[in-house]
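To be precise, the following lines are protein01.txt, and they hold compact mmCIF, C-alpha atoms.
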```
# COMPACT_ATOMS: atom_id res chain seq x y z
CA MET A 814 -0.96 17.77 13.41
CA ASN A 815 1.40 16.62 10.66
CA SER A 816 0.81 13.79 8.16
CA ARG A 817 2.82 11.27 10.16
CA GLU A 818 0.85 11.86 13.34
CA ARG A 819 -2.40 11.94 11.39
CA PHE A 820 -1.59 8.62 9.73
CA VAL A 821 -0.87 6.86 13.01
CA ARG A 822 -3.99 8.18 14.71
CA THR A 823 -6.20 7.31 11.74
CA MET A 824 -4.84 3.76 11.44
CA THR A 825 -5.05 3.10 15.18
CA PHE A 826 -8.70 4.26 15.41
CA GLY A 827 -7.67 7.37 17.32
CA ARG A 828 -8.85 10.96 16.94
CA PRO A 829 -6.76 12.90 14.40
CA ASP A 830 -7.44 16.53 13.51
CA ARG A 831 -8.91 15.03 10.33
CA THR A 832 -8.66 11.61 8.72
CA PHE A 833 -5.57 10.80 6.68
CA LEU A 834 -6.11 11.48 2.96
CA ARG A 835 -3.95 9.54 0.52
CA GLU A 836 -3.56 10.25 -3.18
CA GLU A 837 -5.84 8.72 -5.79
CA SER A 838 -4.67 6.62 -8.74
CA PHE A 839 -5.61 7.24 -12.37
CA TRP A 840 -5.50 5.54 -15.73
CA PRO A 841 -2.82 7.22 -17.88
CA GLU A 842 -5.52 7.99 -20.48
CA THR A 843 -7.50 9.89 -17.84
CA LEU A 844 -4.60 12.22 -17.10
CA ARG A 845 -3.86 12.71 -20.81
CA LEU A 846 -7.52 13.56 -21.51
CA TRP A 847 -7.67 16.08 -18.65
CA GLN A 848 -4.45 17.63 -19.94
CA ARG A 849 -5.87 18.00 -23.45
CA GLN A 850 -9.00 19.57 -22.00
CA GLY A 851 -6.88 22.09 -20.10
CA HIS A 852 -7.86 21.04 -16.58
CA ILE A 853 -4.35 20.05 -15.50
CA ALA A 854 -0.78 20.56 -16.68
CA ASP A 855 0.37 17.18 -15.34
CA TYR A 856 -0.24 14.82 -12.43
CA SER A 857 1.45 17.18 -9.98
CA SER A 858 -1.29 19.71 -10.73
CA ILE A 859 -3.79 17.39 -9.03
CA THR A 860 -1.68 17.10 -5.90
CA ARG A 861 -1.63 20.89 -5.65
CA MET A 862 -5.37 21.33 -6.28
CA PHE A 863 -6.58 18.89 -3.63
CA VAL A 864 -5.61 17.84 -0.11
CA PHE A 865 -3.40 14.75 -0.07
CA ASP A 866 -1.19 13.68 2.79
CA ARG A 867 2.37 12.81 1.86
CA MET A 868 3.59 9.24 2.27
CA GLU A 869 6.79 7.63 0.99
CA GLN A 870 8.39 4.18 0.78
CA LEU A 871 11.92 2.98 1.38
CA PRO A 872 13.61 1.27 -1.60
CA CYS A 873 13.14 -2.33 -0.48
CA PHE A 874 13.50 -4.47 -3.62
CA THR A 875 12.38 -8.11 -3.48
CA GLU A 876 12.24 -8.90 -7.20
CA MET A 877 14.97 -10.56 -9.26
CA VAL A 878 18.40 -8.95 -9.18
CA PRO A 879 19.76 -8.14 -11.64
CA LEU A 880 16.67 -7.31 -13.63
CA TYR A 881 16.42 -8.00 -17.32
CA GLU A 882 16.80 -5.09 -19.70
CA GLN A 883 13.44 -3.56 -20.51
CA LYS A 884 13.38 -3.07 -24.26
CA THR A 885 11.24 -2.94 -27.37
CA ILE A 886 12.04 -5.88 -29.63
CA ALA A 887 9.75 -5.03 -32.55
CA GLU A 888 7.09 -2.55 -33.67
CA ILE A 889 4.13 -3.95 -35.59
CA GLY A 890 1.33 -1.57 -36.60
CA ASN A 891 -0.25 -0.13 -33.45
CA HIS A 892 1.63 -2.52 -31.15
CA TYR A 893 5.06 -3.07 -29.63
CA ILE A 894 6.63 -6.41 -28.76
CA LYS A 895 8.61 -5.85 -25.57
CA GLN A 896 10.74 -7.60 -23.01
CA ASP A 897 9.92 -6.57 -19.43
CA ALA A 898 12.15 -6.44 -16.35
CA ASN A 899 11.34 -10.08 -15.48
CA GLY A 900 12.37 -11.31 -18.93
CA ALA A 901 8.80 -11.90 -20.11
CA LEU A 902 7.82 -11.19 -23.72
CA LEU A 903 4.63 -9.21 -24.26
CA ILE A 904 2.54 -7.22 -26.72
CA ASP A 905 1.76 -3.63 -25.70
CA GLN A 906 -0.67 -1.36 -27.51
CA LYS A 907 0.59 2.12 -28.33
CA ASP A 908 -0.81 5.11 -26.40
CA GLN A 909 -3.33 3.09 -24.41
CA ALA A 910 -3.28 1.48 -20.98
CA SER A 911 -5.00 -1.71 -22.16
CA SER A 912 -4.23 -5.11 -20.67
CA LEU A 913 -0.90 -6.47 -21.83
CA PHE A 914 -0.87 -9.69 -23.84
CA TYR A 915 1.97 -11.97 -22.76
CA LEU A 916 3.65 -14.22 -25.28
CA LYS A 917 6.02 -15.92 -22.85
CA PHE A 918 6.59 -15.83 -19.09
CA PRO A 919 10.02 -16.43 -17.53
CA ILE A 920 9.06 -19.46 -15.40
CA ALA A 921 6.86 -22.38 -16.41
CA ASN A 922 8.45 -25.27 -14.50
CA ARG A 923 11.29 -26.29 -12.19
CA ARG A 924 13.87 -26.15 -14.95
CA ASP A 925 13.05 -22.48 -15.53
CA TRP A 926 13.23 -21.76 -11.80
CA GLU A 927 16.65 -23.40 -11.56
CA TYR A 928 17.79 -21.15 -14.40
CA HIS A 929 16.47 -17.96 -12.76
CA LYS A 930 16.77 -18.58 -9.02
CA TRP A 931 20.28 -17.15 -8.70
CA ARG A 932 18.55 -13.81 -9.26
CA PHE A 933 16.55 -14.49 -6.05
CA ASP A 934 19.49 -15.56 -3.91
CA PRO A 935 18.94 -14.12 -0.39
CA GLU A 936 22.71 -14.22 0.21
CA ARG A 937 23.18 -11.40 -2.34
CA MET A 938 21.72 -8.81 0.00
CA ASP A 939 24.51 -6.28 -0.50
CA GLU A 940 23.67 -6.09 -4.18
CA ARG A 941 20.01 -5.47 -3.37
CA LEU A 942 20.84 -2.81 -0.81
CA GLN A 943 23.39 -1.05 -2.97
CA ARG A 944 21.03 0.21 -5.68
CA ASP A 945 17.51 1.54 -6.00
CA TRP A 946 16.28 -1.07 -8.46
CA PHE A 947 12.95 0.73 -8.84
CA ALA A 948 14.60 3.81 -10.31
CA PRO A 949 15.81 4.40 -13.87
CA GLY A 950 19.59 4.11 -14.01
CA GLN A 951 19.63 2.23 -10.68
CA PRO A 952 21.38 4.95 -8.64
CA LEU A 953 23.48 3.96 -5.66
CA ILE A 954 21.81 4.35 -2.26
CA ASP A 955 23.54 6.14 0.57
CA TRP A 956 21.69 4.51 3.46
CA SER A 957 23.39 6.68 6.08
CA GLU A 958 22.33 9.85 4.28
CA LEU A 959 18.81 8.46 3.85
CA GLU A 960 18.64 7.57 7.54
CA GLU A 961 19.70 11.06 8.55
CA ARG A 962 17.22 12.65 6.14
CA GLU A 963 14.29 10.62 7.48
CA LYS A 964 14.97 11.22 11.19
CA ASN A 965 12.77 14.30 11.55
CA ARG A 966 10.24 13.62 8.81
CA ASP A 967 6.62 14.70 9.24
CA PHE A 968 5.08 12.06 6.92
CA PRO A 969 4.58 8.27 7.19
CA LEU A 970 7.29 6.03 5.79
CA GLY A 971 6.57 2.58 4.38
CA ILE A 972 8.24 -0.46 2.92
CA SER A 973 7.13 -2.90 0.22
CA VAL A 974 7.29 -6.52 1.34
CA GLY A 975 6.34 -8.17 -1.95
CA GLY A 976 3.65 -10.83 -2.21
CA TYR A 977 3.18 -14.45 -3.16
CA TYR A 978 0.37 -15.35 -5.52
CA GLY A 979 0.70 -11.96 -7.22
CA TRP A 980 4.40 -12.65 -7.64
CA ILE A 981 4.16 -16.10 -9.22
CA ARG A 982 1.36 -14.88 -11.48
CA GLY A 983 3.81 -12.31 -12.80
CA MET A 984 6.49 -14.98 -13.17
CA MET A 985 4.30 -17.75 -14.62
CA GLY A 986 1.11 -16.20 -15.98
CA PRO A 987 -2.48 -16.54 -14.74
CA GLU A 988 -3.04 -20.15 -15.83
CA GLU A 989 0.22 -21.73 -14.70
CA SER A 990 0.14 -19.83 -11.39
CA CYS A 991 -3.13 -21.60 -10.57
CA THR A 992 -2.20 -25.12 -11.72
CA ILE A 993 1.38 -25.16 -10.38
CA PHE A 994 0.07 -25.73 -6.82
CA TYR A 995 -1.09 -29.18 -7.97
CA GLU A 996 1.54 -29.95 -10.61
CA ASP A 997 4.59 -29.16 -8.45
CA SER A 998 3.71 -28.11 -4.92
CA ASP A 999 7.35 -28.45 -3.80
CA LEU A 1000 8.37 -25.87 -6.40
CA VAL A 1001 5.79 -23.42 -5.06
CA ARG A 1002 7.08 -23.89 -1.52
CA GLU A 1003 10.67 -23.40 -2.62
CA MET A 1004 9.85 -20.23 -4.55
CA PHE A 1005 7.77 -18.78 -1.71
CA GLN A 1006 10.42 -19.58 0.90
CA ALA A 1007 13.12 -17.93 -1.22
CA ARG A 1008 10.91 -14.86 -1.49
CA THR A 1009 10.37 -14.75 2.28
CA ASP A 1010 14.09 -15.21 2.99
CA ILE A 1011 14.83 -12.12 0.90
CA VAL A 1012 12.13 -10.01 2.59
CA VAL A 1013 13.02 -11.05 6.14
CA ARG A 1014 16.71 -10.29 5.58
CA PHE A 1015 15.81 -6.94 4.10
CA LEU A 1016 13.60 -6.06 7.05
CA GLU A 1017 16.19 -7.10 9.62
CA LYS A 1018 18.74 -4.87 7.88
CA ILE A 1019 16.48 -1.84 7.46
CA LEU A 1020 13.95 -1.69 10.30
CA PRO A 1021 16.48 -1.21 13.11
CA ARG A 1022 17.52 2.00 11.35
CA PHE A 1023 14.13 3.39 10.29
CA GLN A 1024 10.86 3.68 12.20
CA VAL A 1025 8.49 2.51 9.47
CA GLU A 1026 4.77 3.21 9.85
CA TYR A 1027 3.40 0.89 7.17
CA ALA A 1028 4.25 -2.18 5.09
CA HIS A 1029 2.69 -3.12 1.78
CA PHE A 1030 1.93 -6.54 0.23
CA TYR A 1031 0.77 -6.83 -3.38
CA GLU A 1032 -1.35 -9.85 -4.38
CA ASP A 1033 -4.11 -8.83 -6.83
CA MET A 1034 -5.40 -12.40 -6.52
CA CYS A 1035 -9.17 -12.11 -6.76
CA TYR A 1036 -11.81 -11.67 -9.45
CA ASN A 1037 -15.46 -10.62 -9.17
CA HIS A 1038 -16.61 -13.86 -7.51
CA GLY A 1039 -13.72 -14.69 -5.22
CA SER A 1040 -10.13 -15.82 -4.99
CA LEU A 1041 -8.21 -17.17 -7.99
CA ILE A 1042 -6.93 -19.98 -5.76
CA SER A 1043 -8.80 -21.69 -2.96
CA PRO A 1044 -8.64 -20.51 0.67
CA LYS A 1045 -7.23 -23.98 1.43
CA LEU A 1046 -4.22 -23.29 -0.82
CA VAL A 1047 -3.81 -19.82 0.67
CA ARG A 1048 -3.70 -21.30 4.15
CA GLU A 1049 -1.28 -24.08 3.23
CA PHE A 1050 1.18 -22.19 1.03
CA MET A 1051 0.89 -18.48 1.81
CA LEU A 1052 0.00 -18.12 5.49
CA PRO A 1053 3.28 -19.58 6.83
CA GLU A 1054 5.25 -17.12 4.70
CA TYR A 1055 3.05 -14.17 5.64
CA LYS A 1056 3.45 -14.97 9.31
CA ARG A 1057 7.24 -15.02 9.04
CA ILE A 1058 7.14 -11.50 7.64
CA THR A 1059 4.43 -10.01 9.85
CA GLU A 1060 6.23 -11.37 12.93
CA VAL A 1061 9.20 -9.18 12.03
CA LEU A 1062 6.97 -6.19 11.23
CA HIS A 1063 5.17 -6.52 14.56
CA LYS A 1064 8.50 -6.75 16.37
CA TYR A 1065 9.38 -3.33 14.98
CA GLN A 1066 5.91 -1.92 15.78
CA VAL A 1067 4.79 -1.24 12.21
CA VAL A 1068 1.35 0.34 12.57
CA MET A 1069 -0.31 -0.74 9.33
CA ILE A 1070 0.29 -3.86 7.20
CA ASP A 1071 -1.82 -3.77 4.06
CA ILE A 1072 -2.61 -6.04 1.12
CA ASP A 1073 -3.53 -4.66 -2.28
CA THR A 1074 -5.88 -7.04 -4.06
CA ASP A 1075 -8.61 -6.28 -6.55
CA GLY A 1076 -11.80 -8.31 -6.88
CA ASN A 1077 -13.89 -9.99 -4.20
CA HIS A 1078 -11.68 -11.04 -1.27
CA ASN A 1079 -14.46 -11.81 1.23
CA GLU A 1080 -13.40 -15.46 1.61
CA LEU A 1081 -9.76 -14.45 2.12
CA THR A 1082 -10.21 -11.57 4.56
CA PRO A 1083 -10.24 -13.80 7.68
CA LEU A 1084 -7.10 -15.57 6.45
CA PHE A 1085 -5.28 -12.29 5.84
CA LEU A 1086 -6.19 -11.13 9.35
CA GLU A 1087 -4.95 -14.43 10.77
CA ALA A 1088 -1.70 -13.89 8.88
CA GLY A 1089 -1.08 -10.64 10.76
CA VAL A 1090 -2.30 -8.20 8.11
CA ASN A 1091 -4.60 -5.42 9.34
CA CYS A 1092 -5.51 -3.41 6.22
CA LEU A 1093 -7.07 -4.20 2.82
CA TYR A 1094 -7.28 -2.08 -0.32
CA PRO A 1095 -8.97 -1.03 -2.69
CA TYR A 1096 -12.36 -2.64 -1.84
CA GLU A 1097 -13.72 -2.97 -5.37
CA VAL A 1098 -17.46 -2.30 -5.22
CA ALA A 1099 -18.27 -3.80 -8.65
CA ALA A 1100 -16.82 -7.10 -7.39
CA GLY A 1101 -19.14 -7.15 -4.38
CA MET A 1102 -16.94 -5.58 -1.72
CA ASP A 1103 -18.68 -3.37 0.85
CA PRO A 1104 -16.58 -1.43 3.40
CA VAL A 1105 -19.61 -0.64 5.57
CA VAL A 1106 -20.51 -4.33 5.90
CA ASP A 1107 -16.92 -5.28 6.70
CA ARG A 1108 -16.58 -2.56 9.31
CA ARG A 1109 -19.54 -4.09 11.15
CA LYS A 1110 -18.13 -7.59 10.68
CA TYR A 1111 -14.49 -7.03 11.63
CA GLY A 1112 -14.55 -3.88 13.74
CA LYS A 1113 -11.14 -2.58 14.74
CA GLN A 1114 -9.34 -5.69 13.48
CA LEU A 1115 -9.39 -4.24 9.98
CA ILE A 1116 -8.28 -0.92 8.50
CA ILE A 1117 -10.07 -0.18 5.21
CA MET A 1118 -8.81 1.95 2.35
CA GLY A 1119 -10.95 2.62 -0.73
CA GLY A 1120 -14.47 1.31 -1.27
CA ILE A 1121 -15.90 4.31 -3.17
CA ASP A 1122 -17.40 3.09 -6.44
CA LYS A 1123 -15.52 4.64 -9.37
CA ARG A 1124 -18.58 4.14 -11.58
CA ALA A 1125 -20.47 6.80 -9.60
CA LEU A 1126 -17.96 9.43 -10.71
CA SER A 1127 -18.91 8.94 -14.36
CA ARG A 1128 -22.65 9.39 -13.69
CA GLY A 1129 -23.05 12.80 -12.09
CA LYS A 1130 -22.94 14.82 -8.88
CA LYS A 1131 -26.17 13.37 -7.46
CA GLU A 1132 -24.81 9.82 -7.74
CA ILE A 1133 -21.41 10.90 -6.39
CA LYS A 1134 -22.94 12.52 -3.33
CA LYS A 1135 -25.11 9.47 -2.63
CA GLU A 1136 -22.14 7.08 -2.90
CA VAL A 1137 -19.91 9.23 -0.68
CA MET A 1138 -22.49 10.10 1.97
CA GLU A 1139 -23.63 6.50 2.41
CA LYS A 1140 -20.10 5.41 3.30
CA VAL A 1141 -17.57 8.07 4.16
CA PRO A 1142 -19.01 9.99 7.17
CA GLY A 1143 -19.85 6.88 9.17
CA LEU A 1144 -16.59 5.11 8.39
CA ILE A 1145 -14.46 8.14 9.20
CA LYS A 1146 -16.23 8.62 12.55
CA GLN A 1147 -15.46 5.00 13.45
CA GLY A 1148 -11.79 5.41 12.52
CA GLY A 1149 -9.42 3.14 10.67
CA TYR A 1150 -10.69 4.27 7.27
CA VAL A 1151 -9.13 6.17 4.37
CA PRO A 1152 -11.57 7.28 1.64
CA ASN A 1153 -10.41 6.44 -1.88
CA ILE A 1154 -11.84 5.38 -5.21
CA ASP A 1155 -11.90 1.59 -5.42
CA HIS A 1156 -9.46 1.45 -8.33
CA GLY A 1157 -7.72 3.66 -10.88
CA ILE A 1158 -9.99 6.43 -12.15
CA PRO A 1159 -10.94 5.70 -15.80
CA PRO A 1160 -11.17 8.26 -18.63
CA ASP A 1161 -15.00 8.30 -18.66
CA VAL A 1162 -14.84 10.37 -15.45
CA PRO A 1163 -15.11 14.12 -16.22
CA PHE A 1164 -12.62 16.26 -14.33
CA GLU A 1165 -15.42 18.35 -12.78
CA ASN A 1166 -16.94 15.15 -11.33
CA PHE A 1167 -13.62 14.13 -9.81
CA ALA A 1168 -13.16 17.62 -8.37
CA TYR A 1169 -16.67 17.54 -6.85
CA TYR A 1170 -16.02 14.11 -5.33
CA ARG A 1171 -12.66 15.06 -3.88
CA GLU A 1172 -13.83 18.37 -2.42
CA LEU A 1173 -16.78 16.58 -0.81
CA VAL A 1174 -14.47 13.99 0.76
CA GLN A 1175 -12.13 16.70 2.04
CA LYS A 1176 -15.02 18.55 3.68
CA ILE A 1177 -16.31 15.41 5.39
CA ALA A 1178 -12.80 14.51 6.55
CA SER A 1179 -12.44 17.91 8.21
CA ASP A 1180 -15.93 17.95 9.74
CA CYS A 1181 -16.05 14.43 11.23
```
In structure tokens, how does this file's structure come out?
Amino acid sequence: MNSRERFVRTMTFGRPDRTFLREESFWPETLRLWQRQGHIADYSSITRMFVFDRMEQLPCFTEMVPLYEQKTIAEIGNHYIKQDANGALLIDQKDQASSLFYLKFPIANRRDWEYHKWRFDPERMDERLQRDWFAPGQPLIDWSELEEREKNRDFPLGISVGGYYGWIRGMMGPEESCTIFYEDSDLVREMFQARTDIVVRFLEKILPRFQVEYAHFYEDMCYNHGSLISPKLVREFMLPEYKRITEVLHKYQVVMIDIDTDGNHNELTPLFLEAGVNCLYPYEVAAGMDPVVDRRKYGKQLIIMGGIDKRALSRGKKEIKKEVMEKVPGLIKQGGYVPNIDHGIPPDVPFENFAYYRELVQKIASDC
């Protein structure tokens, strides 16, 4: 069974030869530390050492076009002042993946949106389709060549369909993205609708040509006690936009529609399911998420990816085995589950602990 078949059977609660195994994510410091210690040459070393199923995404770009130039404006001691692709100004610490400190976001009010919204014009679809805006140098895309290349693939193909709260947080910052719903609700609706118009047009252009197995939303809208905005606001402002997109995805029989959000999303899970989403990731244990509890609660409505506590990997093999065995065998047997660490793996995890964890997961995946 190839990765594409394995993906579909795993996500539809079928019986694959083994469960689908996706790659893990790591802090950059973790990889640099393991390199210095001689465990790996680079990230690709990890993909060769352990079993990971291949998965790729089409270059669907829903951000502003054209992007701003990413550049370093100044260097002060151990920090850089930079401009990012959205035009925001930030402080970045050298050689460390710490949280970025933003000095200025591109949008704070309607005047700023009016200045920037031409970059989110859904009528400029040819410009979006012409280039791979994710890639350095923005190479031209030959969609016919890409279509031909993907015809006989043996791995799942996906498409990024953006997000809403996660998007305006990146445009406005964490404080303004919470208060703007009350200060200018019409602006939020206009921004969200423009976003949806772009995504829907993209999907209607691309999905007739490619059989896509999964679609990915990014929100990152929760902290350790719940959502950063109320479920009432999610229902009023986000659900109508989600439904416009998932309606198109369902029309083209996309198997898995996932949302990436950290933190505790228990109060939002029913809303996401109502919106047409069927998968959540990464199930952050420290924030109170429990994949075993949610499997009992939601059954086959919900595909779960993640849910293995990263903190166990820093403690030792006994703790790793306990964490894995309490969750992974039962969830894999029930289907609709992909075992992963619940966030990027931090540098306090020794390589030998990661290797033990991953080999244990691989064995369970093959045995169940």
Using only C-alpha atoms, what does the table of segment 1004-1090 of chain A residues within 12 Å of segment 1150-1174 of chain A look like, with each row giving the shortest atom pair and its distance in Å to one decimal, sorted by chain and ascending number, as a tab-separated table?
```
residue	atom	partner	partner_atom	distance
A:Asp1033	CA	A:His1156	CA	11.7
A:Met1069	CA	A:Tyr1150	CA	11.7
A:Asp1073	CA	A:His1156	CA	10.4
A:Thr1074	CA	A:His1156	CA	10.2
A:Asp1075	CA	A:His1156	CA	8.0
A:Gly1076	CA	A:Asp1155	CA	10.0
A:Asn1077	CA	A:Asp1155	CA	11.8
```
What would the list of residues within 10 Å of (3.4, -12.1, -15.4) (file frame) look like as a PyMOL selection string, if only C-alpha atoms are what count?
chain A and resi 897+899-903+913-915+917-920+979-987+990
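The closest residue to Pro829 of chain A, picked from A:Met814, A:Leu1062, A:Met1051, A:Ala1099 and counting only C-alpha atoms, is A:Met814.
Between atom CA of Ile889 of chain A and atom CA of Phe839 of chain A the interatomic distance comes to 27.6 Å.
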Give me the segment 1080-1159 of chain A side of the contact with segment 1034-1043 of chain A, cut-off 8 Å, one line per residue showing its nearest atom pair and distance in Å at one decimal, counting only C-alpha atoms, sorted by chain and residue number, as a Markdown table.
```
| residue | atom | partner | partner_atom | distance |
| --- | --- | --- | --- | --- |
| A:Glu1080 | CA | A:Gly1039 | CA | 6.9 |
| A:Leu1081 | CA | A:Ser1040 | CA | 7.3 |
| A:Ala1099 | CA | A:Asn1037 | CA | 7.4 |
| A:Ala1100 | CA | A:Asn1037 | CA | 4.2 |
| A:Gly1101 | CA | A:Asn1037 | CA | 7.0 |
```
Non-local contacts of Val878 of chain A (7 Å; only C-alpha atoms; under 2 positions in same chain excluded) as JSON, numbers by chain
{"A": [876, 880, 932, 933, 941]}
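Atom pair atom CA of Glu989 of chain A / atom CA of Glu1087 of chain A has a distance of 27.0 Å (rounded to one decimal).
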Would you mind listing what lies within 10 Å of Arg828 of chain A as a PyMOL selection string, with all atoms listed in the file counted and same-chain residues fewer than 3 positions away left out?
chain A and resi 819+821-825+831-832+1145-1148+1181
Please produce a file of those selected residues containing C-alpha atoms, as a PDB file, in the coordinates of the input.
```pdb
ATOM      1  CA  ARG A 819      -2.400  11.940  11.390  1.00  0.00           C
ATOM      2  CA  VAL A 821      -0.870   6.860  13.010  1.00  0.00           C
ATOM      3  CA  ARG A 822      -3.990   8.180  14.710  1.00  0.00           C
ATOM      4  CA  THR A 823      -6.200   7.310  11.740  1.00  0.00           C
ATOM      5  CA  MET A 824      -4.840   3.760  11.440  1.00  0.00           C
ATOM      6  CA  THR A 825      -5.050   3.100  15.180  1.00  0.00           C
ATOM      7  CA  ARG A 831      -8.910  15.030  10.330  1.00  0.00           C
ATOM      8  CA  THR A 832      -8.660  11.610   8.720  1.00  0.00           C
ATOM      9  CA  ILE A1145     -14.460   8.140   9.200  1.00  0.00           C
ATOM     10  CA  LYS A1146     -16.230   8.620  12.550  1.00  0.00           C
ATOM     11  CA  GLN A1147     -15.460   5.000  13.450  1.00  0.00           C
ATOM     12  CA  GLY A1148     -11.790   5.410  12.520  1.00  0.00           C
ATOM     13  CA  CYS A1181     -16.050  14.430  11.230  1.00  0.00           C
TER      14      CYS A1181
END
```
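Here atom CA of Asp1107 of chain A stands at a distance of 22.8 Å from atom CA of Leu1126 of chain A.
When only C-alpha atoms are used to compute distances to Ile972 of chain A, the closest of the residues A:Glu842, A:Glu1097, A:Glu869, A:Asp1103 turns out to be A:Glu869.
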If you take every atom of segment 1140-1155 of chain A that the file lists and fit an axis-aligned box around them with 6 Å extra on each side, what centre and edge lengths come out in Å to one decimal, as lines of an AutoDock Vina configuration file?
```
center_x = -14.6
center_y = 5.8
center_z = 4.0
size_x = 23.0
size_y = 20.4
size_z = 30.9
```
Which is closest to Ser957 of chain A among A:Leu844, A:Ile1019, A:Ile904, A:Cys991, if we use only C-alpha atoms?
A:Ile1019
